[in-house]
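This is start.cif (mmCIF, C-alpha atoms and all ligand atoms).
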data_work
#
loop_
_atom_site.label_atom_id
_atom_site.label_comp_id
_atom_site.auth_asym_id
_atom_site.auth_seq_id
_atom_site.Cartn_x
_atom_site.Cartn_y
_atom_site.Cartn_z
CA MET U 658 109.25 60.50 83.98
CA LYS U 659 111.94 61.53 81.51
CA ALA U 660 115.13 63.09 82.83
CA ILE U 661 118.24 64.19 80.97
CA TRP U 662 121.13 62.10 82.33
CA ARG U 663 124.03 64.38 83.29
CA PRO U 664 126.17 62.16 85.53
CA SER U 665 128.08 63.60 88.47
CA PRO U 666 130.97 61.71 90.08
CA ASN U 667 130.17 63.30 93.45
CA HIS U 668 128.41 60.51 95.34
CA SER U 669 129.02 57.62 97.76
CA PRO U 670 127.45 54.22 98.27
CA ARG U 671 124.12 54.61 100.06
CA THR U 672 124.15 52.98 103.50
CA GLN U 673 120.66 53.95 104.69
CA ALA U 674 117.13 53.70 103.34
CA ILE U 675 115.70 56.82 101.67
CA LYS U 676 113.53 58.62 104.18
CA TYR U 677 113.66 62.30 103.17
CA ILE U 678 113.64 64.56 100.12
CA VAL U 679 115.58 67.80 100.48
CA LEU U 680 114.77 70.79 98.26
CA HIS U 681 117.45 73.29 97.27
CA GLY U 682 117.91 76.51 95.31
CA THR U 683 121.15 76.61 93.31
CA TRP U 684 121.87 80.32 93.98
CA MET U 685 123.74 80.55 90.69
CA SER U 686 123.27 82.74 87.61
CA CYS U 687 121.99 79.92 85.38
CA ALA U 688 121.20 76.22 85.38
CA GLN U 689 124.13 75.36 83.11
CA SER U 690 126.71 76.81 85.48
CA ALA U 691 125.02 75.00 88.37
CA LEU U 692 125.17 71.72 86.41
CA ASP U 693 128.85 72.28 85.67
CA ARG U 694 129.61 72.85 89.35
CA LEU U 695 127.49 69.89 90.53
CA CYS U 696 129.39 67.62 88.12
CA ASP U 697 132.87 68.99 88.93
CA PRO U 698 134.86 66.53 91.07
CA ALA U 699 136.75 69.46 92.64
CA ALA U 700 133.51 71.02 93.94
CA GLU U 701 132.55 67.83 95.86
CA VAL U 702 128.85 68.68 95.66
CA SER U 703 125.99 67.17 93.70
CA CYS U 704 122.30 66.32 93.87
CA HIS U 705 120.05 63.64 92.42
CA TYR U 706 117.90 65.96 90.29
CA LEU U 707 118.04 69.51 88.96
CA ILE U 708 115.11 71.38 87.45
CA ASP U 709 116.03 74.33 85.24
CA GLU U 710 114.01 77.54 84.84
CA LYS U 711 112.10 76.09 81.90
CA GLY U 712 111.11 72.99 83.85
CA ALA U 713 113.59 70.61 82.17
CA LEU U 714 114.59 67.77 84.49
CA TYR U 715 118.18 66.54 84.81
CA GLN U 716 119.34 63.53 86.80
CA LEU U 717 122.93 63.62 88.08
CA VAL U 718 123.11 60.75 90.57
CA LYS U 719 121.06 57.55 90.77
CA ASP U 720 118.57 57.35 93.64
CA SER U 721 120.43 54.26 94.89
CA GLU U 722 123.59 56.32 95.55
CA ALA U 723 124.09 59.05 98.19
CA ALA U 724 124.56 62.39 96.41
CA TRP U 725 126.49 65.11 98.26
CA HIS U 726 123.83 67.78 98.68
CA ALA U 727 122.91 68.07 102.36
CA GLY U 728 126.31 68.49 104.04
CA ILE U 729 126.34 68.88 107.81
CA SER U 730 122.66 68.49 108.63
CA ALA U 731 120.17 67.14 111.13
CA TRP U 732 116.45 66.50 111.49
CA LYS U 733 114.94 64.84 114.57
CA ASP U 734 117.37 62.03 115.44
CA ASP U 735 118.89 61.82 111.96
CA VAL U 736 122.20 63.46 111.10
CA SER U 737 124.21 63.85 107.86
CA LEU U 738 121.14 63.44 105.71
CA ASN U 739 123.00 62.64 102.45
CA GLN U 740 122.70 59.00 103.42
CA SER U 741 118.96 59.01 104.06
CA SER U 742 117.71 61.48 101.45
CA LEU U 743 117.30 62.47 97.83
CA GLY U 744 118.33 66.01 96.84
CA ILE U 745 116.49 68.14 94.29
CA GLU U 746 118.02 71.42 93.11
CA LEU U 747 115.89 74.15 91.56
CA ALA U 748 117.82 76.57 89.37
CA HIS U 749 117.49 80.05 90.89
CA SER U 750 119.68 83.13 91.26
CA GLY U 751 118.86 83.51 94.95
CA ASP U 752 117.11 86.87 94.51
CA VAL U 753 114.17 86.69 96.95
CA THR U 754 112.09 89.05 94.79
CA VAL U 755 112.19 86.59 91.86
CA PRO U 756 109.70 83.72 92.03
CA TYR U 757 110.46 80.21 90.89
CA THR U 758 108.81 79.53 87.52
CA GLU U 759 105.48 77.76 87.03
CA ALA U 760 107.33 75.28 84.79
CA GLN U 761 109.64 74.44 87.72
CA TYR U 762 106.70 73.80 90.06
CA GLU U 763 105.00 71.64 87.44
CA THR U 764 108.05 69.40 86.98
CA LEU U 765 108.81 69.36 90.72
CA ILE U 766 105.27 68.30 91.66
CA GLU U 767 105.31 65.48 89.10
CA LEU U 768 108.79 64.36 90.23
CA LEU U 769 107.84 64.42 93.92
CA GLY U 770 104.74 62.34 93.16
CA VAL U 771 106.89 59.70 91.47
CA LEU U 772 109.58 59.68 94.18
CA LEU U 773 107.22 59.63 97.17
CA THR U 774 105.50 56.56 95.73
CA ALA U 775 108.64 54.79 94.52
CA HIS U 776 110.47 55.13 97.84
CA ARG U 777 107.42 55.25 100.17
CA ILE U 778 108.42 58.61 101.60
CA ALA U 779 105.97 60.51 103.83
CA PRO U 780 104.98 63.97 102.48
CA THR U 781 106.04 65.38 105.90
CA HIS U 782 109.58 64.29 105.02
CA VAL U 783 109.87 66.71 102.08
CA LEU U 784 112.10 69.36 103.64
CA ALA U 785 114.03 72.51 102.76
CA HIS U 786 117.82 72.57 102.96
CA SER U 787 117.25 75.45 105.42
CA ASP U 788 115.21 73.09 107.64
CA ILE U 789 118.03 70.57 108.05
CA ALA U 790 120.99 73.01 108.13
CA PRO U 791 119.39 76.13 109.67
CA ASP U 792 122.69 77.66 110.79
CA ARG U 793 124.27 77.48 107.31
CA LYS U 794 121.62 77.45 104.60
CA ASN U 795 118.66 79.56 103.45
CA ASP U 796 117.59 77.66 100.32
CA PRO U 797 115.17 77.20 98.59
CA GLY U 798 114.33 80.54 100.24
CA PRO U 799 111.22 82.47 101.23
CA GLN U 800 110.33 82.90 97.53
CA PHE U 801 109.64 79.17 97.30
CA ASP U 802 105.87 78.62 97.41
CA TRP U 803 105.31 75.56 99.62
CA ASN U 804 101.54 75.98 99.27
CA LYS U 805 101.73 74.72 95.69
CA LEU U 806 103.26 71.48 96.99
CA TYR U 807 100.76 71.22 99.83
CA SER U 808 97.82 71.64 97.42
CA ALA U 809 99.25 68.89 95.21
CA LYS U 810 99.71 66.68 98.30
CA VAL U 811 103.42 66.12 97.60
CA ALA U 812 104.50 67.86 100.82
CA GLN U 813 102.82 68.76 104.11
CA PRO U 814 103.02 71.81 106.35
CA LEU U 815 105.23 71.10 109.37
CA SER U 816 102.43 72.49 111.52
CA LEU U 817 99.10 74.18 110.96
CA GLN U 818 100.02 76.88 113.47
CA PRO U 819 101.97 79.83 112.07
CA ARG U 820 103.44 80.89 115.42
CA LEU U 821 105.34 78.20 117.25
CA SER U 822 107.61 78.26 120.28
CA TYR U 823 111.23 77.11 120.08
CA GLU U 824 110.18 73.97 121.97
CA ASP U 825 107.47 73.27 119.38
CA LEU U 826 109.95 73.75 116.54
CA LYS U 827 112.45 71.36 118.11
CA HIS U 828 109.65 68.85 118.57
CA LEU U 829 108.85 69.12 114.84
CA GLY U 830 112.42 68.14 114.00
CA TYR U 831 114.57 71.30 113.91
CA VAL U 832 118.03 71.06 115.44
CA GLY U 833 119.92 74.27 116.32
CA SER U 834 119.86 77.41 118.44
CA LYS U 835 116.63 79.33 119.03
CA GLN U 836 117.69 82.12 116.68
CA VAL U 837 118.56 79.95 113.68
CA VAL U 838 115.63 77.58 114.13
CA GLU U 839 113.11 80.43 114.29
CA LYS U 840 114.66 81.97 111.18
CA ALA U 841 114.48 78.66 109.30
CA TYR U 842 110.80 78.23 110.17
CA LYS U 843 110.04 81.72 108.86
CA LEU U 844 111.61 80.72 105.55
CA ARG U 845 109.12 77.84 105.35
CA LEU U 846 106.28 80.33 105.86
CA GLY U 847 107.38 82.48 102.92
CA VAL U 848 108.19 86.07 102.03
CA ALA U 849 105.19 87.47 103.92
CA SER U 850 106.53 86.31 107.27
CA LEU U 851 109.98 87.92 106.90
ZN ZN U 901 121.02 73.63 99.31
#

Let me see whether you can do it: turn the structure in this file into structure tokens.
Amino acid sequence: MKAIWRPSPNHSPRTQAIKYIVLHGTWMSCAQSALDRLCDPAAEVSCHYLIDEKGALYQLVKDSEAAWHAGISAWKDDVSLNQSSLGIELAHSGDVTVPYTEAQYETLIELLGVLLTAHRIAPTHVLAHSDIAPDRKNDPGPQFDWNKLYSAKVAQPLSLQPRLSYEDLKHLGYVGSKQVVEKAYKLRLGVASL
């Protein structure tokens, strides 16, 4: 799959096998300003891939390196997921009333298909940034349509039950207080559940 190479210096040597894929929304006015920030050494953030509003795919960091996209994070017994994950940013302003574009879903689904196979990642390990950092992050947001990924079999619902107890959510993998974990799970369920 063709990606535009836009190298970012913001990465470290990878010390763990790739186990997760983390999806993000850039929450910036346009893809170009997000790319500038993700490649700025002073910002100390990056990702492996960015998909702009028109579906164009950029690669910023090689899969073999740990990009700085997850920050302080946890899922099940794993912490600081930069080391064990790939990060994909979707260009988006952050306005919950604005959907991601069809072109973005098309590119994302193709990319996830390639990455899941290449790195033997389980579809249950495709997560939102809000899943792994529920106290700090809300991206890719309730406007992200997970059902498109589920239908394409490149992600899986965390559970088939819409209403789960805090204990159930912790068992799925969430780490955090009851309030933030319940909020993060609602984001996975979409705008209708807010
Ligand atoms: Zn994020």

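Proximity ranking of U:Val736, U:Leu714, U:Val848, U:Ile745 relative to U:Ala760 places U:Leu714 first, based on only C-alpha atoms.
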
> Suppose you want the space between atom CA of U:Leu743 and atom CA of U:Asp720; what is it in Å?
Replying inline: 6.7 Å

>> Excluding stretch 770-785 of chain U and its own-chain neighbours fewer than 4 positions away, which residues fall within 7 Å of it when counting only C-alpha atoms? Please give them as a PyMOL selection string.
In response: chain U and resi 675-681+766+789+796-797+811-813+815

>> Just want the 12 Å neighbourhood of U:Lys827, counted on all atoms listed in the file, with same-chain residues fewer than 3 positions away dropped. Output as a list in words.
In response: Ala731, Trp732, Lys733, Asp734, Asp788, Ile789, Pro791, Leu815, Leu821, Ser822, Tyr823, Glu824, Gly830, Tyr831, Val832, Gly833, Ser834, Lys835, Val837, Val838, Glu839, Ala841 and Tyr842 of chain U

>> How would you report the residues lying within 10 Å of ligand ZN 901 (chain U), as JSON, numbers by chain, if you count only C-alpha atoms and all ligand atoms?
In response: {"U": [679, 680, 681, 682, 683, 684, 702, 703, 704, 726, 727, 728, 744, 745, 746, 747, 785, 786, 787, 789, 790, 793, 794, 795, 796, 797, 798]}
